[in-house]
>>> print(open('query-v3.cif').read())   # mmCIF, C-alpha atoms
data_final
loop_
_atom_site.label_atom_id
_atom_site.label_comp_id
_atom_site.auth_asym_id
_atom_site.auth_seq_id
_atom_site.Cartn_x
_atom_site.Cartn_y
_atom_site.Cartn_z
CA MET V 1458 0.00 0.00 0.00
CA SER V 1459 1.17 3.53 -0.71
CA ARG V 1460 -0.09 7.10 -0.49
CA LEU V 1461 -0.19 9.19 -3.65
CA HIS V 1462 -0.52 12.98 -3.62
CA MET V 1463 -2.18 14.72 -6.55
CA ASP V 1464 -4.04 17.74 -7.87
CA PHE V 1465 -7.36 17.49 -9.68
CA GLY V 1466 -9.56 19.94 -11.50
CA CYS V 1467 -12.64 21.52 -9.97
CA GLY V 1468 -13.99 23.93 -12.56
CA THR V 1469 -11.12 26.25 -13.45
CA LEU V 1470 -9.34 25.61 -10.13
CA LYS V 1471 -7.15 22.87 -8.72
CA CYS V 1472 -7.87 20.93 -5.56
CA ALA V 1473 -5.45 18.76 -3.60
CA GLY V 1474 -6.16 15.08 -3.14
CA THR V 1475 -4.57 11.98 -1.61
CA LEU V 1476 -5.09 8.36 -2.59
CA ASP V 1477 -4.26 5.48 -0.27
CA THR V 1478 -3.92 2.65 -2.75
CA ALA V 1479 -5.50 -0.79 -2.44
CA PRO V 1480 -6.83 -3.35 -4.95
CA GLY V 1481 -10.49 -3.32 -3.88
CA THR V 1482 -13.31 -2.40 -6.25
CA SER V 1483 -15.20 -0.62 -3.46
CA GLY V 1484 -13.57 2.64 -2.39
CA LEU V 1485 -13.96 5.14 0.41
CA LEU V 1486 -14.21 8.87 -0.25
CA ILE V 1487 -13.51 10.92 2.88
CA VAL V 1488 -15.15 14.34 2.72
CA SER V 1489 -13.57 16.70 5.24
CA GLY V 1490 -15.76 19.09 7.19
CA GLY V 1491 -15.36 22.70 8.28
CA ASN V 1492 -11.88 24.02 7.60
CA GLU V 1493 -10.29 20.62 8.11
CA ILE V 1494 -7.34 19.68 5.94
CA ARG V 1495 -5.88 16.28 5.13
CA SER V 1496 -3.05 16.51 7.67
CA GLY V 1497 -1.89 18.37 10.76
CA ALA V 1498 -4.48 18.60 13.51
CA PHE V 1499 -6.84 16.44 11.47
CA GLY V 1500 -4.34 13.66 10.87
CA GLY V 1501 -6.78 11.18 12.39
CA GLN V 1502 -8.40 10.90 8.98
CA ALA V 1503 -5.01 10.13 7.44
CA LYS V 1504 -4.62 7.32 9.98
CA LEU V 1505 -8.12 6.10 9.20
CA ALA V 1506 -7.39 6.12 5.46
CA ALA V 1507 -4.23 4.06 5.92
CA SER V 1508 -6.09 1.55 8.08
CA VAL V 1509 -8.95 1.13 5.60
CA ALA V 1510 -6.52 0.78 2.68
CA LYS V 1511 -4.61 -1.88 4.61
CA ALA V 1512 -7.89 -3.81 4.78
CA GLY V 1513 -8.02 -3.76 0.97
CA PHE V 1514 -10.11 -0.72 0.10
CA PRO V 1515 -8.67 2.35 -1.67
CA VAL V 1516 -9.32 5.67 0.06
CA PHE V 1517 -9.45 9.13 -1.50
CA ARG V 1518 -9.27 12.32 0.60
CA PHE V 1519 -9.27 15.91 -0.56
CA ASP V 1520 -9.23 19.56 0.45
CA ARG V 1521 -12.26 21.39 -0.88
CA ARG V 1522 -11.82 24.73 -2.62
CA GLY V 1523 -10.32 27.41 -0.42
CA VAL V 1524 -9.13 24.94 2.26
CA GLY V 1525 -5.67 23.52 2.83
CA ASP V 1526 -3.70 23.10 -0.39
CA SER V 1527 -6.66 23.71 -2.72
CA GLU V 1528 -7.15 26.85 -4.77
CA GLY V 1529 -10.11 29.21 -4.70
CA GLU V 1530 -12.52 30.55 -2.13
CA ASN V 1531 -13.97 28.51 0.71
CA ARG V 1532 -17.70 28.78 0.07
CA GLY V 1533 -18.73 26.52 2.94
CA PHE V 1534 -20.45 23.17 3.15
CA ARG V 1535 -23.65 24.36 1.49
CA LYS V 1536 -21.80 25.00 -1.76
CA SER V 1537 -19.42 22.05 -1.83
CA LYS V 1538 -21.44 19.71 -4.07
CA GLY V 1539 -19.22 20.52 -7.06
CA ASP V 1540 -16.07 19.83 -5.02
CA ILE V 1541 -17.38 16.43 -3.94
CA LYS V 1542 -18.34 15.43 -7.47
CA ALA V 1543 -14.96 16.56 -8.81
CA ALA V 1544 -13.25 14.44 -6.15
CA ILE V 1545 -15.34 11.41 -7.13
CA HIS V 1546 -14.33 11.80 -10.78
CA ALA V 1547 -10.67 12.15 -9.78
CA PHE V 1548 -10.95 9.05 -7.59
CA GLN V 1549 -12.40 7.04 -10.47
CA ALA V 1550 -9.69 8.26 -12.83
CA ILE V 1551 -6.74 7.39 -10.58
CA ALA V 1552 -8.25 4.11 -9.33
CA PRO V 1553 -10.16 2.79 -12.38
CA GLN V 1554 -10.94 -0.57 -10.75
CA VAL V 1555 -13.26 1.19 -8.30
CA ASP V 1556 -16.87 0.70 -9.37
CA ARG V 1557 -18.54 1.52 -6.04
CA ILE V 1558 -17.87 4.58 -3.88
CA ILE V 1559 -18.96 4.95 -0.28
CA SER V 1560 -18.56 8.46 1.13
CA PHE V 1561 -17.81 9.23 4.76
CA GLY V 1562 -18.38 12.68 6.20
CA ASN V 1563 -18.23 13.94 9.78
CA CYS V 1564 -20.01 17.08 11.02
CA ASP V 1565 -20.82 19.52 8.20
CA ALA V 1566 -19.22 17.14 5.67
CA ALA V 1567 -22.11 14.76 6.45
CA THR V 1568 -24.51 17.66 5.99
CA ALA V 1569 -22.89 18.56 2.66
CA LEU V 1570 -23.41 15.01 1.39
CA MET V 1571 -27.06 15.10 2.39
CA LEU V 1572 -27.70 18.49 0.81
CA ALA V 1573 -26.00 17.21 -2.36
CA GLN V 1574 -28.47 14.30 -2.57
CA GLY V 1575 -25.59 11.88 -2.09
CA ALA V 1576 -23.42 13.55 -4.75
CA GLU V 1577 -23.53 10.50 -7.07
CA CYS V 1578 -22.09 8.17 -4.41
CA ASP V 1579 -23.24 4.58 -4.02
CA GLY V 1580 -23.53 4.74 -0.22
CA LEU V 1581 -23.22 7.24 2.62
CA ILE V 1582 -21.72 7.11 6.13
CA LEU V 1583 -22.96 10.25 7.87
CA SER V 1584 -21.30 10.97 11.20
CA ASN V 1585 -22.53 13.55 13.74
CA PRO V 1586 -24.33 15.61 11.05
CA TRP V 1587 -24.40 19.36 11.59
CA THR V 1588 -27.95 20.71 11.99
CA ILE V 1589 -27.25 23.96 13.88
CA GLU V 1590 -28.32 27.28 12.42
CA GLY V 1591 -27.84 30.91 13.45
CA ASP V 1592 -24.89 32.99 14.60
CA ASN V 1593 -25.51 32.25 18.27
CA SER V 1594 -26.13 28.51 17.89
CA ASP V 1595 -22.89 27.59 19.63
CA SER V 1596 -24.24 28.95 22.90
CA ILE V 1597 -27.63 27.18 22.76
CA PRO V 1598 -27.57 23.50 23.75
CA PRO V 1599 -30.53 21.29 22.80
CA ALA V 1600 -33.42 20.95 25.25
CA ASP V 1601 -32.57 17.36 26.16
CA ALA V 1602 -29.02 18.40 27.05
CA ILE V 1603 -30.34 21.16 29.31
CA ARG V 1604 -32.68 18.71 31.05
CA ALA V 1605 -29.86 16.24 31.60
CA ARG V 1606 -27.66 18.96 33.10
CA TYR V 1607 -30.30 20.09 35.61
CA LEU V 1608 -31.25 16.54 36.56
CA GLU V 1609 -27.59 15.79 37.26
CA LYS V 1610 -27.33 18.87 39.46
CA LEU V 1611 -30.43 17.92 41.46
CA LYS V 1612 -28.88 14.55 42.28
CA LYS V 1613 -26.15 16.31 44.28
CA PRO V 1614 -27.07 17.28 47.88
CA SER V 1615 -24.65 20.22 47.73
CA GLU V 1616 -26.55 21.71 44.77
CA VAL V 1617 -29.90 21.27 46.53
CA MET V 1618 -28.53 23.00 49.66
CA ARG V 1619 -27.12 25.76 47.50
CA LEU V 1620 -30.59 26.32 46.02
CA LEU V 1621 -32.24 26.37 49.46
CA ARG V 1622 -29.68 28.90 50.78
CA GLY V 1623 -30.40 31.26 47.91
CA GLY V 1624 -27.08 30.66 46.18
CA VAL V 1625 -28.73 30.14 42.79
CA ASN V 1626 -29.77 32.88 40.38
CA LEU V 1627 -33.50 32.09 40.18
CA ARG V 1628 -34.03 34.17 37.04
CA LYS V 1629 -31.32 32.23 35.25
CA LEU V 1630 -32.71 28.95 36.60
CA ALA V 1631 -36.22 29.78 35.36
CA LYS V 1632 -34.88 30.66 31.94
CA GLY V 1633 -32.98 27.38 31.75
CA LEU V 1634 -35.98 25.36 32.88
CA SER V 1635 -38.21 27.01 30.28
CA LYS V 1636 -35.78 25.94 27.59
CA SER V 1637 -35.59 22.45 29.02
CA VAL V 1638 -39.31 21.84 28.49
CA ALA V 1639 -39.20 23.01 24.90
CA SER V 1640 -40.28 20.43 22.37
CA VAL V 1641 -37.43 18.56 20.72
CA ASP V 1642 -39.68 17.37 17.88
CA GLY V 1643 -39.50 20.57 15.86
CA SER V 1644 -36.79 20.42 13.24
CA THR V 1645 -34.53 23.23 12.16
CA GLY V 1646 -34.80 24.41 8.58
CA LEU V 1647 -31.38 22.94 7.86
CA ALA V 1648 -32.45 19.54 9.22
CA ASP V 1649 -35.50 19.64 6.96
CA GLU V 1650 -33.28 20.41 3.97
CA MET V 1651 -31.03 17.49 4.87
CA ARG V 1652 -34.01 15.17 5.21
CA ASP V 1653 -35.31 16.24 1.82
CA GLY V 1654 -31.83 15.94 0.34
CA ILE V 1655 -31.49 12.20 0.94
CA LYS V 1656 -35.16 11.30 0.65
CA GLU V 1657 -34.68 9.95 -2.86
CA PHE V 1658 -31.17 8.59 -2.33
CA ALA V 1659 -31.32 4.92 -3.34
CA GLY V 1660 -28.07 3.70 -1.78
CA PRO V 1661 -27.46 2.49 1.77
CA VAL V 1662 -27.12 5.15 4.48
CA ARG V 1663 -25.61 4.90 7.96
CA PHE V 1664 -25.85 7.59 10.61
CA LEU V 1665 -23.07 7.37 13.19
CA LEU V 1666 -23.49 9.31 16.43
CA SER V 1667 -20.96 9.92 19.20
CA SER V 1668 -22.71 9.80 22.57
CA ASP V 1669 -20.54 12.55 24.13
CA ASP V 1670 -20.70 14.96 21.18
CA ARG V 1671 -22.85 18.09 21.32
CA THR V 1672 -23.32 18.18 17.53
CA ALA V 1673 -24.67 14.61 17.64
CA LYS V 1674 -27.05 15.55 20.48
CA VAL V 1675 -28.44 18.47 18.49
CA PHE V 1676 -28.87 16.20 15.46
CA ALA V 1677 -30.72 13.68 17.66
CA SER V 1678 -33.13 16.42 18.77
CA ASN V 1679 -33.91 17.15 15.12
CA TRP V 1680 -34.20 13.59 13.82
CA ASP V 1681 -36.40 10.56 14.32
CA MET V 1682 -34.25 8.48 16.64
CA SER V 1683 -36.19 5.33 15.76
CA ASP V 1684 -34.50 5.51 12.35
CA PRO V 1685 -32.97 2.02 11.97
CA ARG V 1686 -30.00 3.48 10.09
CA ILE V 1687 -28.65 5.10 13.29
CA ALA V 1688 -25.76 3.56 15.24
CA ARG V 1689 -24.32 5.10 18.41
CA CYS V 1690 -20.89 4.83 19.95
CA GLU V 1691 -20.98 5.23 23.73
CA GLY V 1692 -18.23 7.33 25.28
CA ALA V 1693 -17.14 8.74 21.93
CA SER V 1694 -16.25 12.37 21.23
CA HIS V 1695 -16.80 14.26 18.00
CA ALA V 1696 -13.68 12.96 16.21
CA TYR V 1697 -13.64 9.44 17.71
CA VAL V 1698 -10.22 9.98 19.31
CA GLU V 1699 -10.80 7.43 22.08
CA PRO V 1700 -9.22 4.04 21.28
CA HIS V 1701 -12.52 2.15 21.47
CA ALA V 1702 -14.28 4.80 19.39
CA GLU V 1703 -11.53 4.80 16.77
CA GLN V 1704 -11.89 1.03 16.43
CA TRP V 1705 -15.70 1.28 16.34
CA LEU V 1706 -15.59 3.85 13.53
CA ARG V 1707 -13.19 1.70 11.51
CA GLU V 1708 -15.45 -1.33 11.90
CA GLN V 1709 -18.51 0.66 10.82
CA ILE V 1710 -16.73 1.89 7.70
CA LEU V 1711 -15.36 -1.52 6.77
CA SER V 1712 -18.79 -3.05 7.27
CA ALA V 1713 -20.29 -0.53 4.83
CA LEU V 1714 -17.55 -1.19 2.27
CA ARG V 1715 -18.02 -4.97 2.53
CA ALA V 1716 -21.81 -4.88 2.32
#
>>> encode(input="query-v3.cif", output="structure tokens")
Amino acid sequence: MSRLHMDFGCGTLKCAGTLDTAPGTSGLLIVSGGNEIRSGAFGGQAKLAASVAKAGFPVFRFDRRGVGDSEGENRGFRKSKGDIKAAIHAFQAIAPQVDRIISFGNCDAATALMLAQGAECDGLILSNPWTIEGDNSDSIPPADAIRARYLEKLKKPSEVMRLLRGGVNLRKLAKGLSKSVASVDGSTGLADEMRDGIKEFAGPVRFLLSSDDRTAKVFASNWDMSDPRIARCEGASHAYVEPHAEQWLREQILSALRA
């Protein structure tokens, strides 16, 4: 197995890509999210690519326009459909034996794949999809997370005594409690777009959720959690950096490639 570095065309611009070679006819396309690049702080995906290739499946990773070593302007996940399709075509050109492409995306990369109606892929692995909207969304946890936080506090005698002694800001408490009883059934507009985006997608879909990840919790509050396509990894953070979570993610991806 070896790793090949290359440039490929995306419109009039060039994007940077990396192929981890393997003989398999099913290949994995890793779509990076946010401002992630193929190396550095996000080297976990490079490690994942090497591991999947070692199991016999070629893996293609890339920097979308305006990110990392790719040219152009970063237009965000909502406008990355063309980048994903260009990467698929480059993957097929450099690994012509590949006749089936499964795409993996974490966070807004998963969202990008959903908004792109699967972007011509044969299957999707959608991890911790991003469903948060609005400039202040980072400061607003989902209602179920607020409930869990207050319930945990009320289990501690010291917190109950603090409340009885007047050591709690009652206005702040009331505001938090009002949010905690908010319905979690109402979807965000972005979640509705994502749902519509993959409604007609004919290939297999897996949703992977990290139990300790806020983004996954917000997604769960905007999705039907009885969806049989959902799998959860307990004790996992957003990037699956824990040893058991890293292994779990690898097994999920290999299972999708072998299916």
>>> resolve_selection(input="query-v3.cif", expression="the PyMOL selection byres ((chain V and resi 1667) around 12)", output="PyMOL selection string")
chain V and resi 1563-1564+1583-1586+1664-1666+1668-1677+1687-1699+1701-1703+1705-1706
>>> closest_residue(input="query-v3.cif", among="V:Gly1474, V:Gly1562, V:Gly1529, V:Pro1515", to="Gly1491 of chain V", atoms="all atoms listed in the file")
V:Gly1562
>>> atom_distance(input="query-v3.cif", atom1="atom CA of Thr1469 of chain V", atom2="atom CA of Leu1572 of chain V")
23.2 Å
>>> resolve_selection(input="query-v3.cif", expression="the PyMOL selection byres ((chain V and resi 1516) around 9)", output="ChimeraX atom specification")
/V:1475-1479,1484-1487,1506-1507,1509-1510,1514-1515,1517-1518,1548
>>> closest_residue(input="query-v3.cif", among="V:Ile1589, V:Ile1559, V:Ala1573, V:Ala1566", to="Gly1660 of chain V", atoms="all atoms listed in the file")
V:Ile1559
>>> closest_residue(input="query-v3.cif", among="V:Gly1539, V:Pro1553, V:Gly1513, V:Gly1525", to="Pro1480 of chain V", atoms="only C-alpha atoms")
V:Gly1513
>>> resolve_selection(input="query-v3.cif", expression="the PyMOL selection byres ((chain V and resi 1647-1656) around 10)", output="short mmCIF file (atom, residue, chain, number, x, y, z; two decimals) with C-alpha atoms, keeping the file's coordinate frame")
data_model
loop_
_atom_site.label_atom_id
_atom_site.label_comp_id
_atom_site.auth_asym_id
_atom_site.auth_seq_id
_atom_site.Cartn_x
_atom_site.Cartn_y
_atom_site.Cartn_z
CA ALA V 1567 -22.11 14.76 6.45
CA THR V 1568 -24.51 17.66 5.99
CA ALA V 1569 -22.89 18.56 2.66
CA LEU V 1570 -23.41 15.01 1.39
CA MET V 1571 -27.06 15.10 2.39
CA LEU V 1572 -27.70 18.49 0.81
CA ALA V 1573 -26.00 17.21 -2.36
CA GLN V 1574 -28.47 14.30 -2.57
CA GLY V 1575 -25.59 11.88 -2.09
CA ALA V 1576 -23.42 13.55 -4.75
CA LEU V 1581 -23.22 7.24 2.62
CA PRO V 1586 -24.33 15.61 11.05
CA TRP V 1587 -24.40 19.36 11.59
CA THR V 1588 -27.95 20.71 11.99
CA ILE V 1589 -27.25 23.96 13.88
CA GLU V 1590 -28.32 27.28 12.42
CA GLY V 1643 -39.50 20.57 15.86
CA SER V 1644 -36.79 20.42 13.24
CA THR V 1645 -34.53 23.23 12.16
CA GLY V 1646 -34.80 24.41 8.58
CA GLU V 1657 -34.68 9.95 -2.86
CA PHE V 1658 -31.17 8.59 -2.33
CA ALA V 1659 -31.32 4.92 -3.34
CA GLY V 1660 -28.07 3.70 -1.78
CA VAL V 1662 -27.12 5.15 4.48
CA PHE V 1676 -28.87 16.20 15.46
CA ASN V 1679 -33.91 17.15 15.12
CA TRP V 1680 -34.20 13.59 13.82
#
